[in-house]
file start_27.txt (compact mmCIF, C-alpha atoms)
# COMPACT_ATOMS: atom_id res chain seq x y z
CA MET R 1173 120.78 112.47 138.06
CA LYS R 1174 122.53 109.43 139.49
CA THR R 1175 122.50 106.42 137.18
CA VAL R 1176 122.24 102.90 138.59
CA PHE R 1177 123.86 100.46 136.16
CA VAL R 1178 122.23 97.10 135.66
CA GLU R 1179 124.18 96.09 132.50
CA ASP R 1180 122.31 93.08 131.08
CA GLU R 1181 120.36 92.41 134.27
CA PRO R 1182 116.62 93.25 134.49
CA LEU R 1183 115.75 96.92 134.94
CA TYR R 1184 113.13 96.17 137.59
CA LYS R 1185 112.02 93.45 139.96
CA SER R 1186 110.15 90.45 138.62
CA CYS R 1187 106.47 90.88 137.76
CA ALA R 1188 105.84 87.13 137.94
CA SER R 1189 103.03 85.83 140.12
CA ASP R 1190 101.82 82.36 141.02
CA VAL R 1191 99.89 82.31 137.75
CA VAL R 1192 101.62 80.17 135.15
CA VAL R 1193 101.91 82.21 131.98
CA GLN R 1194 101.24 80.23 128.81
CA ARG R 1195 103.13 81.62 125.80
CA GLN R 1196 103.32 80.36 122.25
CA TRP R 1197 106.68 82.01 121.72
CA THR R 1198 109.37 80.12 123.61
CA GLN R 1199 112.72 81.42 122.34
CA THR R 1200 114.82 83.17 124.97
CA PHE R 1201 117.08 85.69 123.25
CA LEU R 1202 119.06 86.47 126.38
CA THR R 1203 120.96 83.25 125.63
CA LEU R 1204 122.62 85.05 122.69
CA GLY R 1205 126.12 86.07 123.65
CA PRO R 1206 128.54 87.03 124.79
CA PHE R 1207 130.58 85.13 122.23
CA ARG R 1208 134.30 84.42 122.14
CA TYR R 1209 135.38 87.12 119.70
CA MET R 1210 138.77 86.70 118.07
CA ALA R 1211 141.54 89.16 118.86
CA ARG R 1212 142.61 89.46 115.23
CA SER R 1213 139.47 91.37 114.28
CA LYS R 1214 138.47 94.77 115.64
CA ASN R 1215 134.91 93.99 114.63
CA PRO R 1216 133.31 91.27 116.79
CA CYS R 1217 133.85 88.03 114.83
CA TRP R 1218 134.17 84.38 115.81
CA TYR R 1219 133.76 80.81 114.70
CA PRO R 1220 130.53 79.44 116.23
CA ASP R 1221 129.79 75.76 116.72
CA ASP R 1222 128.60 75.40 113.13
CA GLY R 1223 132.11 76.42 111.98
CA LYS R 1224 130.87 79.26 109.78
CA PHE R 1225 132.92 82.44 110.30
CA THR R 1226 130.52 85.01 111.73
CA CYS R 1227 130.61 88.73 112.44
CA ILE R 1228 128.02 90.93 114.09
CA PRO R 1229 127.86 94.75 114.26
CA TYR R 1230 130.57 96.68 116.06
CA PHE R 1231 128.18 99.58 116.64
CA PHE R 1232 124.48 100.41 116.53
CA LEU R 1233 123.12 103.75 115.34
CA ALA R 1234 120.05 103.21 117.47
CA GLY R 1235 118.15 106.47 116.99
CA ALA R 1236 116.42 108.71 116.53
CA ALA R 1237 114.41 107.45 113.56
CA GLY R 1238 114.34 109.88 110.65
CA PRO R 1239 116.42 111.34 107.82
CA GLY R 1240 118.97 112.86 110.21
CA SER R 1241 120.27 109.50 111.42
CA ALA R 1242 120.28 108.16 107.87
CA ASP R 1243 122.48 111.04 106.70
CA ILE R 1244 124.95 110.54 109.53
CA MET R 1245 125.16 106.80 108.87
CA GLN R 1246 125.95 107.58 105.25
CA LYS R 1247 128.82 109.83 106.37
CA ILE R 1248 130.13 107.22 108.81
CA MET R 1249 130.24 104.64 106.04
CA LEU R 1250 132.39 106.92 103.87
CA HIS R 1251 135.26 106.36 106.31
CA PRO R 1252 137.67 103.88 104.65
CA ASP R 1253 137.59 101.52 107.65
CA VAL R 1254 133.78 101.21 107.77
CA LEU R 1255 131.97 98.53 105.78
CA GLY R 1256 128.27 98.07 105.15
CA SER R 1257 125.17 99.43 103.48
CA MET R 1258 122.39 101.89 104.31
CA GLU R 1259 119.80 99.13 104.64
CA GLN R 1260 118.05 99.13 108.02
CA VAL R 1261 117.96 95.59 109.37
CA ASN R 1262 115.09 95.91 111.90
CA TRP R 1263 115.81 92.48 113.37
CA TRP R 1264 116.08 93.23 117.08
CA ASP R 1265 112.81 95.18 117.20
CA VAL R 1266 110.70 93.54 114.47
CA GLY R 1267 112.32 90.68 112.57
CA ARG R 1268 112.87 88.22 115.39
CA HIS R 1269 109.28 88.66 116.55
CA ALA R 1270 108.11 87.93 113.00
CA GLY R 1271 109.90 84.57 112.97
CA GLN R 1272 113.18 85.64 111.35
CA SER R 1273 115.97 83.46 112.71
CA TRP R 1274 119.28 84.44 114.31
CA ASP R 1275 120.97 82.91 111.26
CA SER R 1276 119.02 85.29 109.02
CA TYR R 1277 120.41 88.22 111.03
CA ARG R 1278 123.98 86.96 110.68
CA GLU R 1279 123.48 86.50 106.94
CA ARG R 1280 122.44 90.14 106.50
CA PHE R 1281 126.10 91.01 107.08
CA GLN R 1282 127.58 88.34 104.85
CA LYS R 1283 129.46 90.73 102.53
CA GLU R 1284 131.02 92.59 105.44
CA THR R 1285 131.94 89.29 107.10
CA GLU R 1286 133.62 88.01 103.94
CA GLN R 1287 135.68 91.21 103.64
CA ILE R 1288 136.89 90.94 107.23
CA LEU R 1289 137.80 87.28 106.73
CA LEU R 1290 139.68 88.21 103.56
CA ASP R 1291 141.69 90.79 105.52
CA ILE R 1292 142.48 88.27 108.25
CA ASN R 1293 143.60 85.65 105.73
CA SER R 1294 145.73 88.07 103.73
CA MET R 1295 147.03 90.44 106.45
CA LYS R 1296 146.63 88.30 109.61
CA SER R 1297 144.22 90.85 111.13
CA SER R 1298 141.44 93.27 110.28
CA THR R 1299 140.65 96.81 111.46
CA LYS R 1300 137.43 97.04 109.45
CA ILE R 1301 134.12 97.51 111.27
CA PHE R 1302 130.44 97.72 110.38
CA GLY R 1303 127.24 98.75 112.11
CA ASP R 1304 123.52 98.16 112.31
CA SER R 1305 121.86 101.47 111.40
CA THR R 1306 118.30 100.58 112.45
CA SER R 1307 117.35 103.91 113.99
CA THR R 1308 114.06 102.64 115.48
CA TYR R 1309 115.91 100.54 118.08
CA PHE R 1310 116.22 103.47 120.49
CA ALA R 1311 112.48 103.93 121.05
CA SER R 1312 110.89 100.67 119.98
CA PRO R 1313 107.70 99.48 121.73
CA THR R 1314 107.61 96.28 119.67
CA GLY R 1315 107.73 92.78 121.11
CA TRP R 1316 109.05 93.44 124.61
CA GLU R 1317 106.15 91.55 126.20
CA ARG R 1318 107.34 88.39 124.41
CA LEU R 1319 110.83 88.48 125.87
CA SER R 1320 111.66 86.08 128.66
CA GLY R 1321 111.61 87.93 131.97
CA ASN R 1322 108.71 90.21 131.08
CA GLU R 1323 105.97 87.76 132.04
CA ASN R 1324 102.94 89.49 133.61
CA CYS R 1325 104.62 92.91 133.21
CA GLU R 1326 102.76 96.03 132.13
CA GLU R 1327 106.07 97.60 131.07
CA PRO R 1328 109.42 96.00 130.19
CA ARG R 1329 112.02 94.96 132.74
CA ILE R 1330 113.98 93.34 129.87
CA THR R 1331 114.41 95.56 126.81
CA LEU R 1332 116.02 95.47 123.40
CA ALA R 1333 118.96 97.32 124.97
CA SER R 1334 119.32 94.49 127.51
CA HIS R 1335 119.81 92.06 124.64
CA LEU R 1336 122.36 94.20 122.82
CA ARG R 1337 124.35 94.53 126.04
CA ARG R 1338 124.23 90.77 126.53
CA LEU R 1339 125.23 90.15 122.93
CA ARG R 1340 128.44 92.10 123.07
CA VAL R 1341 129.61 93.52 126.36
CA LYS R 1342 131.67 96.24 124.68
CA GLY R 1343 129.09 97.14 122.03
CA LEU R 1344 128.97 100.82 121.06
CA ILE R 1345 125.64 102.65 120.82
CA MET R 1346 124.95 106.00 119.20
CA ALA R 1347 121.84 108.18 119.33
CA VAL R 1348 121.56 111.32 117.20
CA LEU R 1349 118.66 113.33 118.54
CA PRO R 1350 117.00 116.31 116.83
CA HIS R 1351 114.54 118.40 118.79
CA PRO R 1352 111.61 115.94 118.96
CA THR R 1353 109.23 118.28 117.14
CA ARG R 1354 111.75 118.73 114.31
CA ARG R 1355 112.29 115.00 114.19
CA LEU R 1356 108.60 114.37 113.64
CA LEU R 1357 108.31 117.15 111.04
CA ALA R 1358 111.25 115.77 109.09
CA GLU R 1359 109.90 112.24 109.25
CA PHE R 1360 106.47 113.31 108.00
CA ARG R 1361 108.06 115.34 105.20
CA MET R 1362 110.06 112.28 104.18
CA LEU R 1363 107.01 109.99 104.24
CA SER R 1364 105.05 112.62 102.26
CA LYS R 1365 107.85 112.75 99.67
CA GLY R 1366 108.45 116.42 100.38
CA LYS R 1367 104.82 117.48 100.00
CA PRO R 1368 103.22 117.31 103.46
CA ASN R 1369 99.55 118.14 103.93
CA ALA R 1370 99.60 120.61 106.84
CA LYS R 1371 95.92 120.22 107.74
CA GLN R 1372 96.12 116.44 107.67
CA PHE R 1373 99.27 116.46 109.77
CA HIS R 1374 97.59 118.71 112.33
CA GLU R 1375 94.73 116.21 112.61
CA TYR R 1376 97.23 113.38 113.07
CA VAL R 1377 99.00 115.34 115.82
CA GLU R 1378 95.78 116.12 117.68
CA GLN R 1379 94.68 112.50 117.50
CA ALA R 1380 98.06 111.15 118.67
CA ILE R 1381 98.43 113.60 121.55
CA GLY R 1382 94.89 112.80 122.65
CA ALA R 1383 95.60 109.07 122.60
CA TYR R 1384 98.74 109.40 124.71
CA LYS R 1385 97.18 111.84 127.17
CA ASN R 1386 94.33 109.37 127.67
CA CYS R 1387 96.92 106.67 128.33
CA PHE R 1388 98.77 108.91 130.82
CA GLN R 1389 95.57 109.29 132.84
CA THR R 1390 95.53 105.55 133.58
CA PHE R 1391 99.11 104.34 133.26
CA SER R 1392 102.64 105.61 133.86
CA ILE R 1393 104.45 107.55 131.14
CA ARG R 1394 106.85 104.65 130.68
CA GLN R 1395 104.01 102.15 130.28
CA CYS R 1396 102.46 104.35 127.61
CA ALA R 1397 105.76 104.95 125.81
CA TYR R 1398 106.23 101.18 125.48
CA ASN R 1399 102.56 100.52 124.64
CA LYS R 1400 102.46 99.19 121.07
CA THR R 1401 98.65 99.22 121.00
CA VAL R 1402 98.64 102.98 121.48
CA ALA R 1403 101.51 103.44 118.99
CA ASP R 1404 99.63 101.43 116.37
CA SER R 1405 96.41 103.36 116.95
CA VAL R 1406 97.84 106.68 115.75
CA LYS R 1407 99.12 107.89 112.38
CA ILE R 1408 102.44 109.38 113.49
CA SER R 1409 105.32 108.10 115.63
CA LEU R 1410 104.76 110.55 118.48
CA HIS R 1411 106.32 108.15 120.98
CA GLU R 1412 109.76 108.28 119.35
CA GLY R 1413 110.24 111.83 120.60
CA MET R 1414 109.72 110.84 124.24
CA TYR R 1415 113.51 110.65 124.44
CA SER R 1416 113.98 110.83 128.19
CA THR R 1417 111.82 107.78 128.89
CA TYR R 1418 113.91 105.53 126.66
CA MET R 1419 117.22 107.22 127.47
CA GLU R 1420 116.87 106.37 131.15
CA ASP R 1421 116.72 102.69 130.22
CA TRP R 1422 119.65 102.80 127.80
CA ILE R 1423 122.04 104.59 130.15
CA ARG R 1424 121.28 102.17 132.96
CA ILE R 1425 122.40 99.36 130.66
CA PHE R 1426 125.32 100.96 128.77
CA PRO R 1427 127.97 103.01 130.62
CA PRO R 1428 128.87 106.51 129.30
CA GLU R 1429 132.02 105.40 127.51
CA GLN R 1430 129.96 103.05 125.35
CA PHE R 1431 127.04 105.35 124.62
CA LEU R 1432 127.40 108.48 122.47
CA VAL R 1433 124.51 110.95 122.43
CA LEU R 1434 124.60 113.82 119.94
CA ARG R 1435 122.22 116.56 118.92
CA PHE R 1436 121.36 116.64 115.25
CA GLU R 1437 121.39 120.45 115.37
CA ASP R 1438 125.08 120.40 116.37
CA TYR R 1439 125.80 118.14 113.43
CA VAL R 1440 124.22 120.46 110.84
CA LYS R 1441 125.89 123.48 112.46
CA SER R 1442 129.36 121.90 112.71
CA PRO R 1443 129.40 118.68 110.65
CA VAL R 1444 133.17 118.18 110.52
CA PRO R 1445 133.79 118.38 114.31
CA THR R 1446 130.75 116.18 114.91
CA LEU R 1447 132.02 113.55 112.50
CA ARG R 1448 135.44 113.67 114.11
CA SER R 1449 133.82 112.96 117.49
CA ILE R 1450 131.93 110.02 115.99
CA TYR R 1451 135.06 108.60 114.38
CA ALA R 1452 136.92 108.96 117.68
CA PHE R 1453 134.11 107.22 119.56
CA LEU R 1454 134.27 104.32 117.11
CA GLY R 1455 138.05 104.14 117.46
CA LEU R 1456 138.57 104.98 113.79
CA PRO R 1457 141.78 106.55 112.49
CA GLU R 1458 141.60 110.28 111.83
CA ILE R 1459 141.26 111.30 108.20
CA ASP R 1460 142.71 114.51 106.76
CA GLU R 1461 140.77 117.62 105.83
CA GLY R 1462 140.78 116.71 102.15
CA GLN R 1463 139.09 113.40 102.82
CA LEU R 1464 136.66 115.01 105.27
CA SER R 1465 135.62 117.56 102.66
CA MET R 1466 134.71 114.64 100.42
CA VAL R 1467 132.68 113.06 103.23
CA VAL R 1468 130.55 116.10 104.06
CA ASP R 1469 129.85 119.29 102.16
CA PRO R 1470 127.59 121.70 104.12
CA THR R 1471 127.07 123.76 100.96
CA SER R 1472 125.64 120.87 98.96
CA GLU R 1473 121.97 120.91 98.02
CA GLU R 1474 121.50 117.53 99.72
CA PHE R 1475 122.78 118.89 103.04
CA ARG R 1476 120.75 122.11 102.78
CA GLU R 1477 117.65 120.04 102.06
CA LEU R 1478 118.29 117.96 105.17
CA VAL R 1479 118.41 121.16 107.27
CA ARG R 1480 115.23 122.53 105.66
CA ASN R 1481 113.36 119.29 106.33
CA HIS R 1482 113.91 119.68 110.08
CA ASN R 1483 112.48 123.21 110.23
CA PRO R 1484 108.76 124.07 110.17
CA GLY R 1485 108.98 126.75 107.50
CA ASP R 1486 105.67 127.26 105.69
CA SER R 1487 104.90 123.54 105.37
CA PHE R 1488 103.25 123.15 108.78
CA LEU R 1489 100.72 125.16 110.74
CA PRO R 1490 102.13 127.21 113.65
CA GLU R 1491 99.47 125.77 115.95
CA THR R 1492 100.67 122.26 115.09
CA VAL R 1493 104.23 123.13 116.02
CA ASN R 1494 103.03 124.72 119.28
CA LEU R 1495 101.01 121.61 120.16
CA LEU R 1496 104.02 119.37 119.65
CA ASN R 1497 106.36 121.68 121.56
CA GLN R 1498 103.98 121.72 124.53
CA PHE R 1499 103.62 117.95 124.49
CA TYR R 1500 107.36 117.31 124.30
CA ASP R 1501 108.45 120.01 126.77
CA PRO R 1502 108.34 117.75 129.90
CA PHE R 1503 110.34 115.06 128.10
CA ILE R 1504 112.94 117.61 126.99
CA ARG R 1505 113.37 118.98 130.50
CA THR R 1506 113.75 115.48 131.92
CA LEU R 1507 116.26 114.55 129.20
CA SER R 1508 118.48 117.51 130.12
CA GLU R 1509 118.41 116.29 133.73
CA VAL R 1510 119.14 112.69 132.74
CA GLN R 1511 122.02 113.78 130.53
CA GLU R 1512 123.10 116.43 133.04
CA ASP R 1513 123.51 118.79 130.10
CA ALA R 1514 121.44 121.94 129.48
CA LYS R 1515 121.99 121.73 125.73
CA PHE R 1516 119.34 119.00 125.60
CA THR R 1517 116.70 121.63 126.34
CA TRP R 1518 117.40 122.89 122.77
CA LYS R 1519 116.95 126.49 123.98
CA ASP R 1520 119.90 127.58 121.86
CA THR R 1521 118.44 126.28 118.59
call {"tool": "encode", "arguments": {"input": "start_27.txt", "output": "structure tokens"}}
result
Amino acid sequence: MKTVFVEDEPLYKSCASDVVVQRQWTQTFLTLGPFRYMARSKNPCWYPDDGKFTCIPYFFLAGAAGPGSADIMQKIMLHPDVLGSMEQVNWWDVGRHAGQSWDSYRERFQKETEQILLDINSMKSSTKIFGDSTSTYFASPTGWERLSGNENCEEPRITLASHLRRLRVKGLIMAVLPHPTRRLLAEFRMLSKGKPNAKQFHEYVEQAIGAYKNCFQTFSIRQCAYNKTVADSVKISLHEGMYSTYMEDWIRIFPPEQFLVLRFEDYVKSPVPTLRSIYAFLGLPEIDEGQLSMVVDPTSEEFRELVRNHNPGDSFLPETVNLLNQFYDPFIRTLSEVQEDAKFTWKDT
């Protein structure tokens, strides 16, 4: 499938009409960036007008939401050149729409910023990096209608991805995608603290699929995927598995060399090679086998539990799994076409 790059330009033509749209929210976040990053820091850092040394994330682990992405972020952070914490910031998709300022976002990375500045002052440069691990960014339906450029639109022409591209032209984005059914099972297990109610989950699935199918009868799939009203009306995050819809937007904004898409199943099958590919993508120095064995141990109970959480087992009803597979099948087929890679049909897993 041929990709038409728009970078930080709108994805579609203007929806504006002669009607003047009155909005209470007046901030225009497209004015953020690009900034004049200093050459002495690998991580994007600079001195803004207020004179306070500032750094923002070098990479974003944008999705998919769930314990799989959290585990991979933990392994990334064990590399000696990666700073940060496991805390999900949720600023680009939630915080800024709730009144949290740009300064509050910068301050979330204060410790990492101070470490980079210390390196620069003591060694003249810094190779340290850090990331924003908010895994809901990839498929977020939140707040797009309040972004400048989306006036009168029924679906976004300016997205969260547009803003990240504008913020840092060379920003690196990663998405670690499990099979969408497994993603939802793992997420529900996590929210249920390992004790999911299979009957209740089945009811949630039926209700959510019904809500989205009703939406599809009236609106486009993309409109429904970005419809927060529908997302808020159901008990499970069914929309986050509609990978292809969101992926088409991301890859029109970020070119292939800046966007790494991995399957979670490949990670659990071959964690060391997968981590090596992530480190290479982030431009991190290779680490030896001894260090890698400390980073990931496929025989550990924690890792085995992560694998179990992504498989139906006896915790979910077979009819629930079948319902989800049927719902997600068109999205999976489209994703394999978008990615031009048959592995994203998950037929080998």
call {"tool": "residues_around", "arguments": {"input": "start_27.txt", "residues": "segment 1491-1502 of chain R", "least_positions_apart": "4", "cutoff": "12 Å", "atoms": "only C-alpha atoms", "output": "ChimeraX atom specification"}}
result
/R:1351-1357,1369-1382,1384-1385,1393,1408,1410-1417,1482-1487,1506-1509,1516-1519
call {"tool": "write_last_selection", "arguments": {"input": "start_27.txt", "atoms": "C-alpha atoms", "output": "mmCIF file, in the frame of the given file"}}
result
data_model
loop_
_atom_site.group_PDB
_atom_site.id
_atom_site.type_symbol
_atom_site.label_atom_id
_atom_site.label_comp_id
_atom_site.auth_asym_id
_atom_site.auth_seq_id
_atom_site.Cartn_x
_atom_site.Cartn_y
_atom_site.Cartn_z
ATOM 1 C CA HIS R 1351 114.540 118.400 118.790
ATOM 2 C CA PRO R 1352 111.610 115.940 118.960
ATOM 3 C CA THR R 1353 109.230 118.280 117.140
ATOM 4 C CA ARG R 1354 111.750 118.730 114.310
ATOM 5 C CA ARG R 1355 112.290 115.000 114.190
ATOM 6 C CA LEU R 1356 108.600 114.370 113.640
ATOM 7 C CA LEU R 1357 108.310 117.150 111.040
ATOM 8 C CA ASN R 1369 99.550 118.140 103.930
ATOM 9 C CA ALA R 1370 99.600 120.610 106.840
ATOM 10 C CA LYS R 1371 95.920 120.220 107.740
ATOM 11 C CA GLN R 1372 96.120 116.440 107.670
ATOM 12 C CA PHE R 1373 99.270 116.460 109.770
ATOM 13 C CA HIS R 1374 97.590 118.710 112.330
ATOM 14 C CA GLU R 1375 94.730 116.210 112.610
ATOM 15 C CA TYR R 1376 97.230 113.380 113.070
ATOM 16 C CA VAL R 1377 99.000 115.340 115.820
ATOM 17 C CA GLU R 1378 95.780 116.120 117.680
ATOM 18 C CA GLN R 1379 94.680 112.500 117.500
ATOM 19 C CA ALA R 1380 98.060 111.150 118.670
ATOM 20 C CA ILE R 1381 98.430 113.600 121.550
ATOM 21 C CA GLY R 1382 94.890 112.800 122.650
ATOM 22 C CA TYR R 1384 98.740 109.400 124.710
ATOM 23 C CA LYS R 1385 97.180 111.840 127.170
ATOM 24 C CA ILE R 1393 104.450 107.550 131.140
ATOM 25 C CA ILE R 1408 102.440 109.380 113.490
ATOM 26 C CA LEU R 1410 104.760 110.550 118.480
ATOM 27 C CA HIS R 1411 106.320 108.150 120.980
ATOM 28 C CA GLU R 1412 109.760 108.280 119.350
ATOM 29 C CA GLY R 1413 110.240 111.830 120.600
ATOM 30 C CA MET R 1414 109.720 110.840 124.240
ATOM 31 C CA TYR R 1415 113.510 110.650 124.440
ATOM 32 C CA SER R 1416 113.980 110.830 128.190
ATOM 33 C CA THR R 1417 111.820 107.780 128.890
ATOM 34 C CA HIS R 1482 113.910 119.680 110.080
ATOM 35 C CA ASN R 1483 112.480 123.210 110.230
ATOM 36 C CA PRO R 1484 108.760 124.070 110.170
ATOM 37 C CA GLY R 1485 108.980 126.750 107.500
ATOM 38 C CA ASP R 1486 105.670 127.260 105.690
ATOM 39 C CA SER R 1487 104.900 123.540 105.370
ATOM 40 C CA THR R 1506 113.750 115.480 131.920
ATOM 41 C CA LEU R 1507 116.260 114.550 129.200
ATOM 42 C CA SER R 1508 118.480 117.510 130.120
ATOM 43 C CA GLU R 1509 118.410 116.290 133.730
ATOM 44 C CA PHE R 1516 119.340 119.000 125.600
ATOM 45 C CA THR R 1517 116.700 121.630 126.340
ATOM 46 C CA TRP R 1518 117.400 122.890 122.770
ATOM 47 C CA LYS R 1519 116.950 126.490 123.980
#
call {"tool": "closest_atom_pairs", "arguments": {"input": "start_27.txt", "of": "segment 1382-1434 of chain R", "to": "segment 1448-1465 of chain R", "cutoff": "9 Å", "atoms": "all atoms listed in the file", "output": "tab-separated table"}}
result
residue	atom	partner	partner_atom	distance
R:Glu1429	CA	R:Phe1453	CA	8.4
R:Gln1430	CA	R:Phe1453	CA	8.3
R:Phe1431	CA	R:Phe1453	CA	8.9
R:Leu1432	CA	R:Phe1453	CA	7.4
call {"tool": "write_last_selection", "arguments": {"input": "start_27.txt", "atoms": "C-alpha atoms", "output": "PDB file, in the frame of the given file"}}
result
ATOM      1  CA  GLU R1429     132.020 105.400 127.510  1.00  0.00           C
ATOM      2  CA  GLN R1430     129.960 103.050 125.350  1.00  0.00           C
ATOM      3  CA  PHE R1431     127.040 105.350 124.620  1.00  0.00           C
ATOM      4  CA  LEU R1432     127.400 108.480 122.470  1.00  0.00           C
TER       5      LEU R1432
END
call {"tool": "closest_atom_pairs", "arguments": {"input": "start_27.txt", "of": "segment 1218-1242 of chain R", "to": "segment 1283-1287 of chain R", "cutoff": "8 Å", "atoms": "all atoms listed in the file", "output": "tab-separated table"}}
result
residue	atom	partner	partner_atom	distance
R:Phe1225	CA	R:Thr1285	CA	7.6
R:Thr1226	CA	R:Thr1285	CA	6.5
R:Cys1227	CA	R:Thr1285	CA	5.5
call {"tool": "closest_residue", "arguments": {"input": "start_27.txt", "among": "R:Arg1208, R:Lys1342, R:Arg1318, R:His1335", "to": "Trp1264 of chain R", "atoms": "all atoms listed in the file"}}
result
R:His1335
call {"tool": "atom_distance", "arguments": {"input": "start_27.txt", "atom1": "atom CA of Ala1403 of chain R", "atom2": "atom CA of Pro1313 of chain R"}}
result
7.8 Å
call {"tool": "atom_distance", "arguments": {"input": "start_27.txt", "atom1": "atom CA of Ser1186 of chain R", "atom2": "atom CA of Lys1400 of chain R"}}
result
21.1 Å
call {"tool": "atom_distance", "arguments": {"input": "start_27.txt", "atom1": "atom CA of Met1419 of chain R", "atom2": "atom CA of Gln1511 of chain R"}}
result
8.7 Å
call {"tool": "residues_around", "arguments": {"input": "start_27.txt", "residues": "Ser1307 of chain R", "least_positions_apart": "6", "cutoff": "7 Å", "atoms": "all atoms listed in the file", "output": "mmCIF file with C-alpha atoms, in the frame of the given file"}}
result
data_model
loop_
_atom_site.group_PDB
_atom_site.id
_atom_site.type_symbol
_atom_site.label_atom_id
_atom_site.label_comp_id
_atom_site.auth_asym_id
_atom_site.auth_seq_id
_atom_site.Cartn_x
_atom_site.Cartn_y
_atom_site.Cartn_z
ATOM 1 C CA LEU R 1233 123.120 103.750 115.340
ATOM 2 C CA ALA R 1234 120.050 103.210 117.470
ATOM 3 C CA GLY R 1235 118.150 106.470 116.990
ATOM 4 C CA ALA R 1236 116.420 108.710 116.530
ATOM 5 C CA ALA R 1237 114.410 107.450 113.560
ATOM 6 C CA SER R 1241 120.270 109.500 111.420
#
call {"tool": "residues_near_point", "arguments": {"input": "start_27.txt", "point": "(123.9, 97.0, 114.1)", "cutoff": "12 Å", "atoms": "only C-alpha atoms", "output": "PyMOL selection string"}}
result
chain R and resi 1215-1216+1227-1235+1245+1255-1265+1277-1278+1280-1281+1301-1310+1333+1336+1339-1340+1343-1346
call {"tool": "closest_residue", "arguments": {"input": "start_27.txt", "among": "R:Pro1206, R:Pro1427, R:Pro1220, R:Gly1315", "to": "Thr1401 of chain R", "atoms": "all atoms listed in the file"}}
result
R:Gly1315
call {"tool": "closest_residue", "arguments": {"input": "start_27.txt", "among": "R:Pro1368, R:Asn1399, R:Leu1289, R:Asp1520", "to": "Lys1441 of chain R", "atoms": "all atoms listed in the file"}}
result
R:Asp1520
call {"tool": "closest_residue", "arguments": {"input": "start_27.txt", "among": "R:Asp1243, R:Asp1438, R:Asp1513, R:Asp1253", "to": "Thr1299 of chain R", "atoms": "only C-alpha atoms"}}
result
R:Asp1253
call {"tool": "residues_around", "arguments": {"input": "start_27.txt", "residues": "Glu1437 of chain R", "least_positions_apart": "2", "cutoff": "8 Å", "atoms": "all atoms listed in the file", "output": "ChimeraX atom specification"}}
result
/R:1350-1351,1435,1439-1441,1521
call {"tool": "residues_around", "arguments": {"input": "start_27.txt", "residues": "Trp1316 of chain R", "least_positions_apart": "2", "cutoff": "9 Å", "atoms": "only C-alpha atoms", "output": "PyMOL selection string"}}
result
chain R and resi 1265+1312-1314+1318-1320+1322+1327-1332+1398
call {"tool": "closest_residue", "arguments": {"input": "start_27.txt", "among": "R:Thr1471, R:Asn1481, R:Ser1409, R:Thr1446", "to": "Ile1248 of chain R", "atoms": "all atoms listed in the file"}}
result
R:Thr1446
